[in-house]
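Below: entry.cif (mmCIF, C-alpha atoms)
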data_structure
#
loop_
_atom_site.label_atom_id
_atom_site.label_comp_id
_atom_site.auth_asym_id
_atom_site.auth_seq_id
_atom_site.Cartn_x
_atom_site.Cartn_y
_atom_site.Cartn_z
CA ASN D 1 -0.02 95.49 -76.15
CA ALA D 2 -1.61 98.11 -73.90
CA GLY D 3 -2.57 95.72 -71.13
CA VAL D 4 -5.85 95.85 -69.26
CA ILE D 5 -7.20 99.37 -69.06
CA GLN D 6 -9.40 100.56 -66.22
CA THR D 7 -11.12 103.89 -65.90
CA PRO D 8 -11.37 105.97 -63.88
CA ARG D 9 -8.30 105.35 -61.77
CA HIS D 10 -9.87 107.13 -58.83
CA LYS D 11 -13.49 107.81 -58.03
CA VAL D 12 -15.01 109.54 -55.04
CA THR D 13 -18.74 109.26 -54.45
CA GLY D 14 -21.10 110.33 -51.75
CA LYS D 15 -23.04 107.76 -49.79
CA GLY D 16 -26.07 106.67 -51.79
CA GLN D 17 -24.69 107.68 -55.19
CA GLU D 18 -24.04 105.35 -58.10
CA ALA D 19 -20.58 104.37 -59.33
CA THR D 20 -19.74 102.80 -62.69
CA LEU D 21 -16.32 101.33 -63.27
CA TRP D 22 -14.98 100.48 -66.72
CA CYS D 23 -12.60 97.81 -67.92
CA GLU D 24 -11.06 97.20 -71.33
CA PRO D 25 -9.47 93.73 -71.49
CA ILE D 26 -6.42 92.77 -73.47
CA SER D 27 -7.41 92.30 -77.09
CA GLY D 28 -8.08 88.66 -77.88
CA HIS D 29 -8.57 87.58 -74.28
CA SER D 30 -11.84 85.72 -73.90
CA ALA D 31 -12.31 85.91 -70.14
CA VAL D 32 -12.74 88.99 -67.97
CA PHE D 33 -12.68 88.91 -64.17
CA TRP D 34 -13.53 91.47 -61.49
CA TYR D 35 -11.91 91.45 -58.04
CA ARG D 36 -11.98 93.78 -55.06
CA GLN D 37 -9.05 94.54 -52.77
CA THR D 38 -9.29 95.90 -49.24
CA ILE D 39 -6.89 95.89 -46.34
CA VAL D 40 -9.23 93.77 -44.23
CA GLN D 41 -10.51 91.24 -46.80
CA GLY D 42 -7.57 91.16 -49.18
CA LEU D 43 -8.19 90.20 -52.79
CA GLU D 44 -11.71 88.91 -53.33
CA PHE D 45 -13.31 87.54 -56.49
CA LEU D 46 -16.51 89.21 -57.60
CA THR D 47 -17.57 87.93 -61.02
CA TYR D 48 -16.36 86.83 -64.44
CA PHE D 49 -17.37 86.61 -68.07
CA ARG D 50 -16.28 84.25 -70.82
CA ASN D 51 -16.87 85.33 -74.39
CA GLN D 52 -19.03 88.12 -72.95
CA ALA D 53 -21.37 85.70 -71.16
CA PRO D 54 -21.64 85.84 -67.36
CA ILE D 55 -20.26 82.61 -65.92
CA ASP D 56 -19.76 83.01 -62.19
CA ASP D 57 -21.03 85.86 -60.01
CA SER D 58 -20.68 84.02 -56.73
CA GLY D 59 -18.60 86.81 -55.19
CA MET D 60 -20.94 89.64 -56.04
CA PRO D 61 -22.95 91.20 -53.23
CA LYS D 62 -26.49 90.36 -54.24
CA GLU D 63 -27.82 93.82 -53.78
CA ARG D 64 -26.53 96.99 -55.41
CA PHE D 65 -23.75 95.34 -57.48
CA SER D 66 -24.09 94.40 -61.13
CA ALA D 67 -21.69 93.71 -63.98
CA GLN D 68 -22.08 93.60 -67.72
CA MET D 69 -20.00 92.88 -70.76
CA PRO D 70 -21.86 94.31 -73.74
CA ASN D 71 -19.03 93.64 -76.19
CA GLN D 72 -15.63 91.98 -76.27
CA SER D 73 -13.79 95.23 -75.69
CA HIS D 74 -15.27 96.37 -72.42
CA SER D 75 -16.94 95.39 -69.21
CA THR D 76 -18.59 97.53 -66.54
CA LEU D 77 -19.13 97.10 -62.83
CA LYS D 78 -21.94 99.19 -61.43
CA ILE D 79 -22.57 99.85 -57.76
CA GLN D 80 -25.87 101.44 -56.87
CA SER D 81 -26.45 103.37 -53.68
CA THR D 82 -22.79 103.18 -52.66
CA GLN D 83 -21.96 102.69 -49.01
CA PRO D 84 -18.72 103.44 -47.11
CA GLN D 85 -17.98 99.71 -46.90
CA ASP D 86 -17.82 99.62 -50.72
CA SER D 87 -14.61 101.66 -50.56
CA ALA D 88 -11.90 99.49 -52.11
CA VAL D 89 -9.67 99.04 -55.12
CA TYR D 90 -11.65 97.31 -57.85
CA LEU D 91 -9.46 95.26 -60.17
CA CYS D 92 -10.25 93.91 -63.59
CA ALA D 93 -8.26 91.06 -65.10
CA SER D 94 -8.37 89.29 -68.43
CA SER D 95 -7.18 85.88 -69.49
CA LEU D 96 -6.45 83.93 -72.64
CA ALA D 97 -5.63 80.62 -70.99
CA TYR D 98 -4.08 80.03 -67.58
CA GLU D 99 -2.82 83.28 -66.12
CA GLN D 100 -4.89 86.35 -65.46
CA TYR D 101 -3.48 89.76 -66.25
CA PHE D 102 -4.58 92.61 -64.06
CA GLY D 103 -5.37 96.21 -64.78
CA PRO D 104 -4.18 99.07 -62.56
CA GLY D 105 -7.45 99.13 -60.64
CA THR D 106 -10.00 101.80 -59.75
CA ARG D 107 -9.78 103.17 -56.23
CA LEU D 108 -13.32 103.87 -55.09
CA THR D 109 -13.82 106.06 -52.05
CA VAL D 110 -17.32 106.45 -50.64
CA LEU D 111 -17.69 109.37 -48.28
CA ALA K 1 -13.93 75.42 -50.84
CA GLN K 2 -10.46 76.47 -51.82
CA LYS K 3 -8.24 78.31 -49.37
CA VAL K 4 -4.76 79.78 -49.65
CA THR K 5 -2.67 80.71 -46.62
CA GLN K 6 0.50 82.78 -46.44
CA THR K 7 1.70 82.91 -42.86
CA GLN K 8 4.66 85.24 -43.38
CA THR K 9 3.39 88.80 -43.11
CA SER K 10 6.69 90.46 -43.95
CA ILE K 11 10.26 89.51 -44.75
CA SER K 12 13.39 91.62 -44.98
CA VAL K 13 16.49 90.38 -46.79
CA MET K 14 19.80 91.74 -47.94
CA GLU K 15 20.25 92.48 -51.61
CA LYS K 16 21.72 89.65 -53.72
CA THR K 17 20.62 86.94 -51.29
CA THR K 18 17.98 84.24 -51.74
CA VAL K 19 14.55 84.41 -50.15
CA THR K 20 11.78 81.84 -49.85
CA MET K 21 8.15 82.73 -49.30
CA ASP K 22 5.75 80.10 -48.04
CA CYS K 23 2.24 79.24 -49.17
CA VAL K 24 -0.09 76.38 -48.31
CA TYR K 25 -3.40 75.67 -49.95
CA GLU K 26 -6.54 73.62 -49.50
CA THR K 27 -8.65 72.19 -52.29
CA GLN K 28 -10.93 69.29 -53.04
CA ASP K 29 -9.96 69.39 -56.70
CA SER K 30 -7.66 66.75 -58.12
CA SER K 31 -6.26 69.12 -60.70
CA TYR K 32 -5.51 72.79 -60.20
CA PHE K 33 -3.12 75.61 -60.97
CA LEU K 34 -0.99 77.61 -58.55
CA PHE K 35 0.32 81.10 -59.21
CA TRP K 36 2.49 83.76 -57.68
CA TYR K 37 1.82 87.43 -58.32
CA LYS K 38 3.69 90.53 -57.25
CA GLN K 39 2.05 93.83 -56.29
CA THR K 40 4.34 96.80 -56.58
CA ALA K 41 4.21 99.97 -54.55
CA SER K 42 2.18 101.61 -57.31
CA GLY K 43 -0.47 98.93 -56.88
CA GLU K 44 0.24 97.11 -60.12
CA ILE K 45 -0.32 93.34 -59.88
CA VAL K 46 2.08 91.38 -62.05
CA PHE K 47 1.98 87.66 -62.86
CA LEU K 48 5.27 85.94 -62.04
CA ILE K 49 5.08 82.16 -62.33
CA ARG K 50 2.67 79.21 -62.54
CA GLN K 51 2.75 75.61 -61.38
CA ASP K 52 0.38 72.97 -62.79
CA SER K 53 -0.62 70.42 -60.14
CA TYR K 54 -0.08 67.45 -62.45
CA LYS K 55 3.54 68.41 -63.16
CA LYS K 56 6.22 67.08 -60.84
CA GLU K 57 8.90 69.46 -62.08
CA ASN K 58 9.18 72.77 -60.26
CA ALA K 59 8.54 75.76 -62.49
CA THR K 60 11.31 78.29 -63.04
CA VAL K 61 11.15 81.71 -64.72
CA GLY K 62 14.19 83.95 -64.60
CA HIS K 63 15.25 84.37 -60.97
CA TYR K 64 11.92 82.99 -59.70
CA SER K 65 11.45 79.31 -58.97
CA LEU K 66 8.91 77.23 -57.10
CA ASN K 67 9.19 74.53 -54.48
CA PHE K 68 6.07 72.45 -55.10
CA GLN K 69 5.38 69.83 -52.46
CA LYS K 70 2.03 68.33 -53.41
CA PRO K 71 1.72 65.93 -50.43
CA LYS K 72 2.08 68.93 -48.13
CA SER K 73 -0.17 71.17 -50.27
CA SER K 74 2.67 73.65 -50.34
CA ILE K 75 3.98 75.95 -53.05
CA GLY K 76 6.92 78.10 -52.01
CA LEU K 77 8.34 80.93 -54.10
CA ILE K 78 12.12 81.22 -54.24
CA ILE K 79 13.77 84.41 -55.45
CA THR K 80 17.49 84.16 -56.04
CA ALA K 81 19.92 87.08 -56.29
CA THR K 82 17.33 89.50 -54.97
CA GLN K 83 17.35 93.09 -56.15
CA ILE K 84 16.04 96.25 -54.57
CA GLU K 85 13.25 96.33 -57.15
CA ASP K 86 12.00 92.95 -55.91
CA SER K 87 10.60 94.81 -52.90
CA ALA K 88 6.84 94.32 -53.16
CA VAL K 89 3.93 92.32 -51.80
CA TYR K 90 3.82 88.77 -53.11
CA PHE K 91 0.55 86.90 -53.43
CA CYS K 92 0.06 83.18 -53.82
CA ALA K 93 -3.11 82.15 -55.66
CA MET K 94 -4.81 79.06 -56.94
CA ARG K 95 -7.59 78.10 -59.32
CA GLU K 96 -9.23 74.86 -60.20
CA ARG K 97 -8.69 73.21 -63.55
CA ALA K 98 -12.18 73.95 -64.72
CA SER K 99 -13.77 72.16 -67.60
CA SER K 100 -14.74 75.56 -68.92
CA SER K 101 -11.05 76.50 -69.12
CA PHE K 102 -11.42 79.48 -66.81
CA SER K 103 -12.13 79.90 -63.13
CA LYS K 104 -11.64 82.45 -60.39
CA LEU K 105 -8.40 82.95 -58.50
CA VAL K 106 -8.34 82.48 -54.73
CA PHE K 107 -5.59 84.55 -53.14
CA GLY K 108 -3.55 84.33 -49.98
CA GLN K 109 -3.11 87.30 -47.68
CA GLY K 110 0.22 88.34 -49.17
CA THR K 111 3.81 88.59 -47.94
CA SER K 112 5.59 91.93 -47.96
CA LEU K 113 9.19 91.61 -49.08
CA SER K 114 11.73 94.30 -48.37
CA VAL K 115 15.13 94.01 -50.05
CA VAL K 116 17.71 96.23 -48.43
CA PRO K 117 21.17 97.20 -49.71
#
Now, as a test, write the supplied structure out as structure tokens.
Amino acid sequence: NAGVIQTPRHKVTGKGQEATLWCEPISGHSAVFWYRQTIVQGLEFLTYFRNQAPIDDSGMPKERFSAQMPNQSHSTLKIQSTQPQDSAVYLCASSLAYEQYFGPGTRLTVL
Amino acid sequence: AQKVTQTQTSISVMEKTTVTMDCVYETQDSSYFLFWYKQTASGEIVFLIRQDSYKKENATVGHYSLNFQKPKSSIGLIITATQIEDSAVYFCAMRERASSSFSKLVFGQGTSLSVVP
């Protein structure tokens, strides 16, 4: 099993540009979660999908952030008009039951 | 709202000894799950062990075990016979026992463990 795959591993954008992050969950897992990790805030929940349907986006900044899961094999997190405070490691996790299994993360740097 | 607190910022122990990392949590839910994860130096986050709130027995997996004290809302992680490769940041996390079967994880701030020879 390949585990959760995230691409790209590193992304550098200029302020105001768009960033799209990709996640491929573990095959057969029905839930996909997005988290963000920073030194100051730690690990924060953003949003999650179950069977491709959005269930809880309570952690998503209401402006500029959006997430989709068009099919069972991938999910995307899009950040429009990126700002320096969006710099973080964005983590995707998938789950079959109780535990969540994390991908390696995408380190986003906004200059 | 749920909250998880790890008060130990960093711990250093000698190899082959036992270490305990503390975690306390707050929740209004009557049923929930507690987890410990490990984040290695490469950034990889690895699931270690889970405790179900309705189970009285402490979970054990390999050289990881838990000290679950429900009245104190406490879930400590015990690592026995520590190895150099146990050096990492350890996160405590919890989630409610949602009727939908899935829910978000709420994480503590993490405890950095250094195992020295």
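When only C-alpha atoms are used to measure the gap to Ser73 of chain K, the shortest distance among K:Ser53, K:Thr20, K:Ser101, K:Thr60 belongs to K:Ser53.
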Item to check | Spatial neighbours of Ile49 of chain K, 10 Å, all atoms listed in the file, chain gap at least 4 places, as a ChimeraX atom specification | outcome: /D:99 /K:34-38,59-62,64-66,77,92
Pull C-alpha atoms from the residues just selected and write them as a short mmCIF file (atom, residue, chain, number, x, y, z; two decimals), keeping the file's coordinate frame.
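Listing of again_0.cif after writing:
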data_model
loop_
_atom_site.label_atom_id
_atom_site.label_comp_id
_atom_site.auth_asym_id
_atom_site.auth_seq_id
_atom_site.Cartn_x
_atom_site.Cartn_y
_atom_site.Cartn_z
CA GLU D 99 -2.82 83.28 -66.12
CA LEU K 34 -0.99 77.61 -58.55
CA PHE K 35 0.32 81.10 -59.21
CA TRP K 36 2.49 83.76 -57.68
CA TYR K 37 1.82 87.43 -58.32
CA LYS K 38 3.69 90.53 -57.25
CA ALA K 59 8.54 75.76 -62.49
CA THR K 60 11.31 78.29 -63.04
CA VAL K 61 11.15 81.71 -64.72
CA GLY K 62 14.19 83.95 -64.60
CA TYR K 64 11.92 82.99 -59.70
CA SER K 65 11.45 79.31 -58.97
CA LEU K 66 8.91 77.23 -57.10
CA LEU K 77 8.34 80.93 -54.10
CA CYS K 92 0.06 83.18 -53.82
#
Item to check | Counting all atoms listed in the file, chain K residues within 9 Å of chain D, as a ChimeraX atom specification | outcome: /K:33,35,42-47,49-50,101-110
Item to check | the PyMOL selection byres ((chain D and resi 111) around 9) resolved against shown file, as a PyMOL selection string | outcome: chain D and resi 12-15+83-84+87+109-110
Checklist entry - Leaving out Tyr25 of chain K and any residue of its chain fewer than 6 positions from it, which residues lie within 9 Å of it when counting only C-alpha atoms, given as a ChimeraX atom specification? => result /K:2-6,72-75,93-94,108
Would you export the selected residues with C-alpha atoms as a PDB file, in the coordinates of the input, please?
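Ended up saving to part-v7.pdb:
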ATOM      1  CA  GLN K   2     -10.460  76.470 -51.820  1.00  0.00           C
ATOM      2  CA  LYS K   3      -8.240  78.310 -49.370  1.00  0.00           C
ATOM      3  CA  VAL K   4      -4.760  79.780 -49.650  1.00  0.00           C
ATOM      4  CA  THR K   5      -2.670  80.710 -46.620  1.00  0.00           C
ATOM      5  CA  GLN K   6       0.500  82.780 -46.440  1.00  0.00           C
ATOM      6  CA  LYS K  72       2.080  68.930 -48.130  1.00  0.00           C
ATOM      7  CA  SER K  73      -0.170  71.170 -50.270  1.00  0.00           C
ATOM      8  CA  SER K  74       2.670  73.650 -50.340  1.00  0.00           C
ATOM      9  CA  ILE K  75       3.980  75.950 -53.050  1.00  0.00           C
ATOM     10  CA  ALA K  93      -3.110  82.150 -55.660  1.00  0.00           C
ATOM     11  CA  MET K  94      -4.810  79.060 -56.940  1.00  0.00           C
ATOM     12  CA  GLY K 108      -3.550  84.330 -49.980  1.00  0.00           C
TER      13      GLY K 108
END
List the residues selected by the PyMOL selection byres ((chain K and resi 9) around 9) in the file shown, writing them as a JSON list (two decimals) with C-alpha atoms, in the frame of the given file.
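expr_24.json, freshly written:
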[["chain", "number", "residue", "atom", "x", "y", "z"],
["K", 6, "GLN", "CA", 0.50, 82.78, -46.44],
["K", 7, "THR", "CA", 1.70, 82.91, -42.86],
["K", 8, "GLN", "CA", 4.66, 85.24, -43.38],
["K", 10, "SER", "CA", 6.69, 90.46, -43.95],
["K", 11, "ILE", "CA", 10.26, 89.51, -44.75],
["K", 109, "GLN", "CA", -3.11, 87.30, -47.68],
["K", 110, "GLY", "CA", 0.22, 88.34, -49.17],
["K", 111, "THR", "CA", 3.81, 88.59, -47.94],
["K", 112, "SER", "CA", 5.59, 91.93, -47.96],
["K", 113, "LEU", "CA", 9.19, 91.61, -49.08]]
Please list, as a PDB file with C-alpha atoms, in the frame of the given file, the residues that have an atom at most 7 Å away from (-25.1, 99.5, -52.7) in the coordinates of this file, counting only C-alpha atoms.
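selection_10.pdb was written with the following content:
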ATOM      1  CA  GLU D  63     -27.820  93.820 -53.780  1.00  0.00           C
ATOM      2  CA  ARG D  64     -26.530  96.990 -55.410  1.00  0.00           C
ATOM      3  CA  PHE D  65     -23.750  95.340 -57.480  1.00  0.00           C
ATOM      4  CA  ILE D  79     -22.570  99.850 -57.760  1.00  0.00           C
ATOM      5  CA  GLN D  80     -25.870 101.440 -56.870  1.00  0.00           C
ATOM      6  CA  SER D  81     -26.450 103.370 -53.680  1.00  0.00           C
ATOM      7  CA  THR D  82     -22.790 103.180 -52.660  1.00  0.00           C
ATOM      8  CA  GLN D  83     -21.960 102.690 -49.010  1.00  0.00           C
TER       9      GLN D  83
END
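When only C-alpha atoms are used to measure the gap to Gln6 of chain D, the shortest distance among D:Gln37, D:Ala67, D:Thr106, D:Leu77 belongs to D:Thr106.
When atom CA of Leu108 of chain D is paired with atom CA of Thr76 of chain D, their separation reads 14.1 Å.
For the pair atom CA of Gly76 of chain K and atom CA of Ile26 of chain D, the separation is 29.2 Å.
Take atom CA of Glu96 of chain K and atom CA of Asp29 of chain K: the distance between them is 6.5 Å.
When all atoms listed in the file are used to compute distances to Asn71 of chain D, the closest of the residues D:Arg9, D:Tyr90, D:Arg36, D:Ser27 turns out to be D:Ser27.
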